[in-house]
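Visitor: One structure, as structure tokens, below. Some questions next.
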Amino acid sequence: MIFLETKQLTKRFGGLVAVNNVDFAIEQGKINAIIGPNGAGKSTFFNLISGFHPPTSGQVIFKGQDITKLPSNKIAELGVARTFQTTNLFEQSTVLDNVIVGHRLRTKSTLVDAILRTPRLKREEAQCREKAMEVLEFVDLQHIAHKPVAGLTQEEKKRTAFALALATDPEIVFLDEPAAGVNPDETEGLAELMKKMVNKGITVCLIEHKMQMIMRIADKIMVLNYGEKIAEGKPEEIQNNETVIKAYLGGSASA
Amino acid sequence: MEILIQQLFNGLTIGSVYALVALGLTLVYGILHIPNFAHGALYMMGGYITLTMMTRFGLHYWLAIFVSIIVVGLLGVLMERFVFHPLREAPPIHDKIAAIGILLFLEAFAQFYWGAEYQSMPTPYGQIVEVFGLTLTMQRILIVVAAVVVMFILYLFLKKTFTGATIIAMSQNREGANLVGINTNKVAMLTFMISGGLAAIASSLSAPINLVFPGMGHLVILKAFVIIILGGMGSIPGAIVGGYIVGFSESLGATYISNDYKDIIAFLFLVLILTVKPTGLFSKGGSH
Amino acid sequence: MTNVLKQRNVVIILILFALAFPMMTSNTYMIHVMTLSFIWMIGVYGLNLLAGYTGYLSLAHAGFFAIGAYSLGLLTVKAQMNFWLALVLALVITCSIGLVVGAIALRTKEHFFAIYTLCLGYIIYLVIDKWDSLTEGVRGLIGIPAPAPIGPITFETEKAHYYFVLFFLLLVVLIMYRIVHSLSGRTYIAIRNSEDLAQTIGISTKTNKLTVFVLSTFFAGLSGALYASFVRFIGPDIGSTNIVFDLLTYLLVGGIGTLSGPIVGTLLIVWLSQLLQDFQQYRMLIFGPALTLLIIFAPRGIVGAVATWNMNRKLKKYPNNQARSGRSRNDSLVKSEIVPEKQVKEG
Amino acid sequence: MLKLTDVSVKYGSFTAVHDINIEVNAGEIVVLLGSNGAGKSTTFRTISGLNRPAAGELVFEGNKLNRRPADQIVQMGIGQCPEGRKLFPAMSVEENLRMGAFVHRRKRDQIKHSLEHVYELFPILKEKRHDAAGSLSGGQQQMVAIGRALMSKPKLMLLDEPSVGLAPLVVEQMFETIQKINKEGTTILLAEQNANAALKIADKGYVFENGTIVLEGTSAELFANDEVRKAYIGA
């Protein structure tokens with residue numbers, strides 16, 4: 001069975017076609033990358049898959065189930081997580097506190113449990129905390145778990161955002177420009193982390209502009225231009241693809 | 001039939017006042033994207049200043065209104081400079097609370113300085129005239145005519161002058177305006193000046209047929225909010241049309257439904273609109 | 001760990017003080033003022049849960065305060081119902097209206113929500129004011145009874161009423177404490193922080209927001225009902241926006257989104273207003289600008305300022321710390337630098 | 001004409017642009033190349049006064065730009081056609097263009113001339129001059145943005161990715177027009193991802209990577225350079 005795929009996915013904003021008839025299959029257990037020049041429709045494509053915008057037409061199928069019309073919280077429950085370009089974390093509280101809520105969707109306790117302090121709530125809180133520590137260890141932030149987010153570096157914030165996504169127990173994570181705004185050696189660390197996720201059995205799909213990194217770690221790349229898929233394949237194939245070079249360098253591909 | 005026409009004219013009068021207040025509100029919303037809860041207090045201040053100018057300094061009605069426009073306009077500018085400007089990057093809840101603080105201050109100030117009692121404003125236009133068999137007071141005719149004139153001048157200013165166009169430009173894209181050489185701070189101040197001025201005109205015109213008191217802005221501002229949601233936040237024609245719609249429905253509602261509940265009509269409109277369309281009528285789809 | 005111990009001690013001392021307060025003074029007026037401020041605190045907690053923890057500024061809460069008060073008043077005075085039954089029913093009525101209103105109001109966001117609730121509050125006020133046959137209109141409702149005695153315990157004296165209200169306040173604080181320190185609380189804070197993010201980590205923002213809204217109207221209604229039975233007289237004024245602005249001032253001064261903020265803010269302002277007794281009518285000459293200045297310079301109030309100070313101290317303990325919190329202004333610029341696609345849409 | 005010396009720009013703790021040096025001489029077309037997020041737009045925003053530099057010096061015709069607000073910089077003669085175009089969508093094309101001449105608002109004749117000139121460069125805009133700018137296609141909006149920048153009669157024009165979102169054929173026309181504008185005496189600083197087309201018309205270029213300039217040279221040099229290719233597709 002195909003893990004996650006889009007069928008003729010299309011999104012129009014007014015007269016502008018941001019994503020045009022894109023068919024794309026994400027391979028399980030691999031690093032899948034989506035690249036393309038500025039304004040090619042990558043972020044929109046991401047938003048369509050994660051249920052953030054409803055598509056104008058087309059379908060998103062996850063493990064055989066049509067998730068096109070599901071609200072994003074339901075999609076998350078099915079095991080699809082994502083991060084944002086801007087980290088959106090709660091600056092005033094600690095890393096751990098930020099991440100704990102990530103496991104909320106796997107718990108059942110309600111407001112009544114909270115007010116009565118039921119055993120279920122206590123159990124689930126412990127469970128969430130444990131999960132949070134586990135994912136913080138995974139992203140290598142356990143040493144600053146109790147530090148307020150406001151004092152973190154950009155890279156540490158990115159890792160916290162990863163941890164938050166991982167705390168939802170996802171089968172696939174969508175990462176929106178994970179390395180934007182971090183230094184080259186930190187980028188290296190984030191790339192390692194993505195490989196680590198895949199090794200743990202989590203499928204990764206990312207948008208990124210840092211080509212050197214993408215070419216090194218991605219198993220499969222899709223290239224978007226003007227909202228349309230212009231190429232798909234392994235990094236080597238993409239690097240030598242005339243259409244892609246043209247899209248990036250422009251004009252006749254003589255360079 | 002006569003009652004109907006009489007009521008329609010009343011609607012026109014109230015609608016004119018609402019439209020002027022809503023215009024000021026919508027202009028500020030357009031450029032700063034904040035609902036100025038203190039706008040009603042500006043309206044109230046306008047009424048008091050005109051009244052004081054007339055009674056204490058013996059100025060003529062028109063001159064008093066002029067002073068009021070200037071003073072309230074400047075009050076608006078001060079608000080922009082010292083409150084909304086520093087809060088430009090703050091979370092959305094902040095400028096609302098700040099505006100409420102200003103509102104509370106100005107109301108307490110009015111009560112402290114002018115007293116809590118209701119005062120009536122004299123008008124040189126108290127005569128009653130008969131037009132087409134209708135009995136109208138000159139003041140009401142004046143309200144309608146003056147409102148139309150003010151709106152027309154505002155239209156000319158926004159459409160035909162460079163300075164006016166900067167307000168429109170800035171409401172459509174702040175950075176874009178900055179990049180063609182517009183000093184956005186100046187435009188923001190100018191907008192507050194105009195907004196305050198419009199509030200002052202509206203209250204000075206309507207005060208002779210209503211009364212002047214510290215809470216006189218409450219209902220008006222609430223309805224103005226309904227109007228700009230009805231007409232589209234930031235839309236100028238929307239504020240005018242919305243103002244008249246609310247004015248007419250109120251005066252008709254007062255006659256044919258219940259005078260007691262006429263003030264609720266506007267809010268029922270709002271509840272209806274936002275229930276059906278949570279982002280307001282005429283909001284641009286697909287944003288965010 | 002010492003911190004927690006210290007906190008607990010402070011709480012115990014405060015509770016002991018609250019319990020001992022009526023014993024320390026023979027001045028019933030002071031007890032009266034204290035009881036009133038406890039009642040306000042409950043309402044402020046309602047506002048705090050919604051605005052402070054979930055990010056939705058509701059200006060309709062004076063309305064729910066009034067609904068609670070009038071429900072109790074009408075049920076006891078006009079329907080001659082037993083006080084306790086009436087209290088429970090009053091809360092049920094408030095919450096039911098809260099549920100309906102919330103379901104509609106929460107479809108809107110930010111300023112639409114604020115405007116919408118402001119207008120709803122006004123509708124509630126107008127209905128109370130105009131529906132003479134039910135509410136007695138501007139004449140108000142008189143003769144609302146004090147709580148009916150439970151066995152040997154009566155609530156006729158000021159002191160007894162003080163403890164009665166204190167009981168509810170402690171209950172509310174306990175509930176708030178538990179909510180804030182539970183998964184539910186974390187969920188609400190996540191929503192305030194970013195609804196988009198909350199939604200993508202699998203939180204149903206709709207259900208959670210509605211739950212919070214109803215609970216916050218519950219607090220407002222409880223506060224109103226207690227007010228009615230304490231003051232014994234209510235008029236339509238208690239539903240006016242001034243009440244919600246008062247509550248908001250208490251909250252902001254104390255610290256929005258903090259647990260102890262409502263207590264600190266309410267105590268401070270209520271007692272300050274008492275000192276300025278002659279000035280009571282014009283108190284907003286000071287509190288109005290205070291509200292504005294606070295939101296500009298100390299948006300999280302007194303408690304928030306102390307907490308921030310503590311946090312910065314904590315931050316200093318980490319030597320590798322690069323910079324203090326990146327201001328939101330910069331964040332938004334970073335966004336414009338790396339979210340080009342959004343801007344393409346704009347054009 | 002324009003000189004940036006050791007300029008750094010920070011967003012909070014993140015350094016977006018680090019110690020860059022750029023020199024633009026009068027009459028040149030200079031291109032800044034680099035992938036998304038490499039720091040080109042930040043550099044532009046800093047030159048036009050929307051961002052403040054954390055360090056370094058920006059000098060335009062002998063005047064320091066560092067602390068000046070954006071509107072003054074336009075008056076000094078730097079016009080920008082920004083990333084995302086930043087048009088006034090509900091205003092008509094002509095109103096947009098007129099707003100571009102805001103700094104010359106008292107010179108009616110000059111505005112009329114500039115307007116004609118823009119319509120000459122982009123005849124399609126004349127046809128659509130009464131349409132709302134927001135209703136135009138991407139390419140036409142880009143024309144309005146360039147036209148609007150031209151209306152201020154800039155000595156130096158900053159063009160931030162004019163080819164974004166345009167169909168290939170339109171891109172070519174766009175670059176021809178840019179060249180034409182340059183020949184008429186406007187110095188141009190261009191940020192592009194479309195390296196090929198940009199280098200064809202440029203005199204020299206700078207390649208950005210991770211907020212620093214990794215390479216600079218004449219267009220011919222850059223055109224032949226493998227690094228440029230690498231910077232783009234990581235090959």
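Ordered as shown in the structure tokens, chains take letters A, B, and onward, while each chain numbers its residues from 1 and ligands are numbered from 1 in the order shown.
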Using only C-alpha atoms, select each residue of chain C with any atom at most 6 Å away from an atom of chain B, and give the selection as a VMD selection string.
Guide: chain C and resid 104 107 to 108 282 284 to 285 288 to 289 291 to 292 329
Visitor: What would the file look like if the residues just selected were written as a PDB file, in the first residue's frame with C-alpha atoms?
Guide:
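And here is the file that came out, result32.pdb:
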```pdb
ATOM      1  CA  ILE C 104     -21.794  31.110  18.378  1.00  0.00           C
ATOM      2  CA  ARG C 107     -16.755  31.008  15.770  1.00  0.00           C
ATOM      3  CA  THR C 108     -15.261  34.493  15.698  1.00  0.00           C
ATOM      4  CA  TYR C 282     -13.816  59.358  39.643  1.00  0.00           C
ATOM      5  CA  MET C 284     -11.284  55.721  36.638  1.00  0.00           C
ATOM      6  CA  LEU C 285      -9.359  58.975  36.306  1.00  0.00           C
ATOM      7  CA  GLY C 288      -8.138  54.135  33.296  1.00  0.00           C
ATOM      8  CA  PRO C 289      -4.668  55.456  32.538  1.00  0.00           C
ATOM      9  CA  LEU C 291      -4.855  50.142  32.657  1.00  0.00           C
ATOM     10  CA  THR C 292      -3.396  51.695  29.518  1.00  0.00           C
ATOM     11  CA  ARG C 329       8.831  42.578  16.197  1.00  0.00           C
TER      12      ARG C 329
END
```
Visitor: As a VMD selection string, could you give me every residue of chain B near chain D (at most 8 Å apart, counting only C-alpha atoms)?
Guide: chain B and resid 162 165 to 166 169 172 to 173 175 to 176 178 to 183
Visitor: Apply DSSP to the backbone of this structure and, from segment 15-111 of chain D, keep only the residues in helix (DSSP H, G or I); write these as a PyMOL selection string.
Guide: chain D and resi 40-47+70-76+93-100+102-104+108-111
Visitor: Could you check which of A:His53, A:Lys63, A:Arg216, A:Lys147 is closest to chain D, using only C-alpha atoms?
Guide: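 The answer is A:Arg216, which sits nearest to chain D.
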Visitor: Residues of chain D within 8 Å of chain C, using only C-alpha atoms, as an MDAnalysis selection string?
Guide: chainID D and resid 11:13 36:37 41:42 83:87 89 134 138 141 165
Visitor: Residues of segment 35-273 of chain B in strand (DSSP E) according to DSSP, as a VMD selection string?
Guide: chain B and resid 128 to 131 134 to 137
Visitor: Keeping only N, CA, C and O atoms, write those residues as an mmCIF file, in the first residue's frame.
Guide:
```cif
data_model
loop_
_atom_site.group_PDB
_atom_site.id
_atom_site.type_symbol
_atom_site.label_atom_id
_atom_site.label_comp_id
_atom_site.auth_asym_id
_atom_site.auth_seq_id
_atom_site.Cartn_x
_atom_site.Cartn_y
_atom_site.Cartn_z
ATOM 1 N N ILE B 128 -39.184 74.976 13.524
ATOM 2 C CA ILE B 128 -39.866 73.840 12.913
ATOM 3 C C ILE B 128 -40.325 74.259 11.528
ATOM 4 O O ILE B 128 -40.862 75.350 11.344
ATOM 5 N N VAL B 129 -40.048 73.421 10.570
ATOM 6 C CA VAL B 129 -40.468 73.758 9.204
ATOM 7 C C VAL B 129 -41.372 72.660 8.668
ATOM 8 O O VAL B 129 -41.336 71.530 9.132
ATOM 9 N N GLU B 130 -42.180 73.059 7.688
ATOM 10 C CA GLU B 130 -43.022 72.059 7.052
ATOM 11 C C GLU B 130 -42.556 71.852 5.628
ATOM 12 O O GLU B 130 -42.464 72.789 4.856
ATOM 13 N N VAL B 131 -42.204 70.625 5.328
ATOM 14 C CA VAL B 131 -41.800 70.303 3.968
ATOM 15 C C VAL B 131 -42.673 69.164 3.484
ATOM 16 O O VAL B 131 -42.764 68.140 4.143
ATOM 17 N N LEU B 134 -44.650 67.431 5.917
ATOM 18 C CA LEU B 134 -43.990 66.830 7.057
ATOM 19 C C LEU B 134 -43.532 67.924 8.011
ATOM 20 O O LEU B 134 -43.070 68.970 7.569
ATOM 21 N N THR B 135 -43.654 67.660 9.295
ATOM 22 C CA THR B 135 -43.160 68.624 10.265
ATOM 23 C C THR B 135 -41.753 68.212 10.662
ATOM 24 O O THR B 135 -41.550 67.128 11.213
ATOM 25 N N LEU B 136 -40.772 69.071 10.354
ATOM 26 C CA LEU B 136 -39.391 68.722 10.654
ATOM 27 C C LEU B 136 -38.750 69.870 11.409
ATOM 28 O O LEU B 136 -39.103 71.030 11.206
ATOM 29 N N THR B 137 -37.761 69.511 12.272
ATOM 30 C CA THR B 137 -37.005 70.603 12.862
ATOM 31 C C THR B 137 -35.811 70.894 11.960
ATOM 32 O O THR B 137 -35.299 70.005 11.276
#
```
Visitor: Identify, on the basis of only C-alpha atoms, every residue whose closest approach to Leu190 of chain A does not exceed 8 Å; exclude the query and any residue fewer than 2 positions from it along the same chain; express the result as an MDAnalysis selection string.
Guide: chainID A and resid 159 178:179 186:188 192:194
Visitor: With all heavy atoms retained, export the selected residues as an mmCIF file, in the first residue's frame.
Guide:
```cif
data_model
loop_
_atom_site.group_PDB
_atom_site.id
_atom_site.type_symbol
_atom_site.label_atom_id
_atom_site.label_comp_id
_atom_site.auth_asym_id
_atom_site.auth_seq_id
_atom_site.Cartn_x
_atom_site.Cartn_y
_atom_site.Cartn_z
ATOM 1 N N ARG A 159 14.671 22.434 17.475
ATOM 2 C CA ARG A 159 14.663 21.097 18.059
ATOM 3 C C ARG A 159 13.459 20.910 18.982
ATOM 4 O O ARG A 159 12.858 19.837 19.014
ATOM 5 C CB ARG A 159 15.956 20.849 18.838
ATOM 6 C CG ARG A 159 17.134 20.530 17.935
ATOM 7 C CD ARG A 159 18.412 20.371 18.730
ATOM 8 N NE ARG A 159 19.539 20.162 17.822
ATOM 9 C CZ ARG A 159 20.016 18.956 17.496
ATOM 10 N NH1 ARG A 159 19.487 17.886 18.045
ATOM 11 N NH2 ARG A 159 21.011 18.832 16.660
ATOM 12 N N PRO A 178 12.970 23.279 8.062
ATOM 13 C CA PRO A 178 13.519 23.071 9.407
ATOM 14 C C PRO A 178 14.832 23.804 9.629
ATOM 15 O O PRO A 178 15.148 24.157 10.757
ATOM 16 C CB PRO A 178 13.708 21.554 9.481
ATOM 17 C CG PRO A 178 13.741 21.089 8.074
ATOM 18 C CD PRO A 178 12.852 22.010 7.316
ATOM 19 N N ALA A 179 15.588 24.032 8.576
ATOM 20 C CA ALA A 179 16.917 24.609 8.793
ATOM 21 C C ALA A 179 16.951 26.107 8.485
ATOM 22 O O ALA A 179 18.024 26.698 8.458
ATOM 23 C CB ALA A 179 17.946 23.870 7.954
ATOM 24 N N GLU A 186 24.960 24.045 12.639
ATOM 25 C CA GLU A 186 23.732 23.622 13.301
ATOM 26 C C GLU A 186 22.831 22.890 12.311
ATOM 27 O O GLU A 186 22.141 21.939 12.668
ATOM 28 C CB GLU A 186 22.992 24.826 13.873
ATOM 29 C CG GLU A 186 23.736 25.483 15.023
ATOM 30 C CD GLU A 186 23.103 26.795 15.448
ATOM 31 O OE1 GLU A 186 22.358 27.405 14.643
ATOM 32 O OE2 GLU A 186 23.357 27.211 16.584
ATOM 33 N N THR A 187 22.857 23.330 11.066
ATOM 34 C CA THR A 187 22.090 22.663 10.020
ATOM 35 C C THR A 187 22.491 21.200 9.944
ATOM 36 O O THR A 187 21.655 20.304 9.835
ATOM 37 C CB THR A 187 22.354 23.341 8.663
ATOM 38 O OG1 THR A 187 22.042 24.709 8.783
ATOM 39 C CG2 THR A 187 21.516 22.719 7.576
ATOM 40 N N GLU A 188 23.784 20.995 10.039
ATOM 41 C CA GLU A 188 24.336 19.641 10.025
ATOM 42 C C GLU A 188 23.684 18.791 11.120
ATOM 43 O O GLU A 188 23.226 17.675 10.875
ATOM 44 C CB GLU A 188 25.859 19.752 10.264
ATOM 45 C CG GLU A 188 26.624 18.502 10.021
ATOM 46 C CD GLU A 188 26.426 17.993 8.607
ATOM 47 O OE1 GLU A 188 26.302 18.813 7.657
ATOM 48 O OE2 GLU A 188 26.363 16.764 8.469
ATOM 49 N N GLU A 192 21.287 15.419 10.832
ATOM 50 C CA GLU A 192 21.530 14.172 11.554
ATOM 51 C C GLU A 192 20.258 13.721 12.271
ATOM 52 O O GLU A 192 19.899 12.553 12.282
ATOM 53 C CB GLU A 192 22.650 14.371 12.595
ATOM 54 C CG GLU A 192 24.051 14.459 11.997
ATOM 55 C CD GLU A 192 24.368 13.252 11.118
ATOM 56 O OE1 GLU A 192 24.084 12.122 11.567
ATOM 57 O OE2 GLU A 192 24.852 13.457 9.979
ATOM 58 N N LEU A 193 19.601 14.695 12.880
ATOM 59 C CA LEU A 193 18.395 14.404 13.645
ATOM 60 C C LEU A 193 17.311 13.823 12.736
ATOM 61 O O LEU A 193 16.588 12.898 13.111
ATOM 62 C CB LEU A 193 17.909 15.686 14.311
ATOM 63 C CG LEU A 193 16.726 15.573 15.267
ATOM 64 C CD1 LEU A 193 17.001 14.538 16.339
ATOM 65 C CD2 LEU A 193 16.444 16.926 15.902
ATOM 66 N N MET A 194 17.214 14.362 11.528
ATOM 67 C CA MET A 194 16.201 13.839 10.604
ATOM 68 C C MET A 194 16.506 12.394 10.220
ATOM 69 O O MET A 194 15.604 11.554 10.129
ATOM 70 C CB MET A 194 16.136 14.722 9.359
ATOM 71 C CG MET A 194 15.325 15.979 9.600
ATOM 72 S SD MET A 194 15.290 17.003 8.128
ATOM 73 C CE MET A 194 16.296 18.353 8.663
#
```
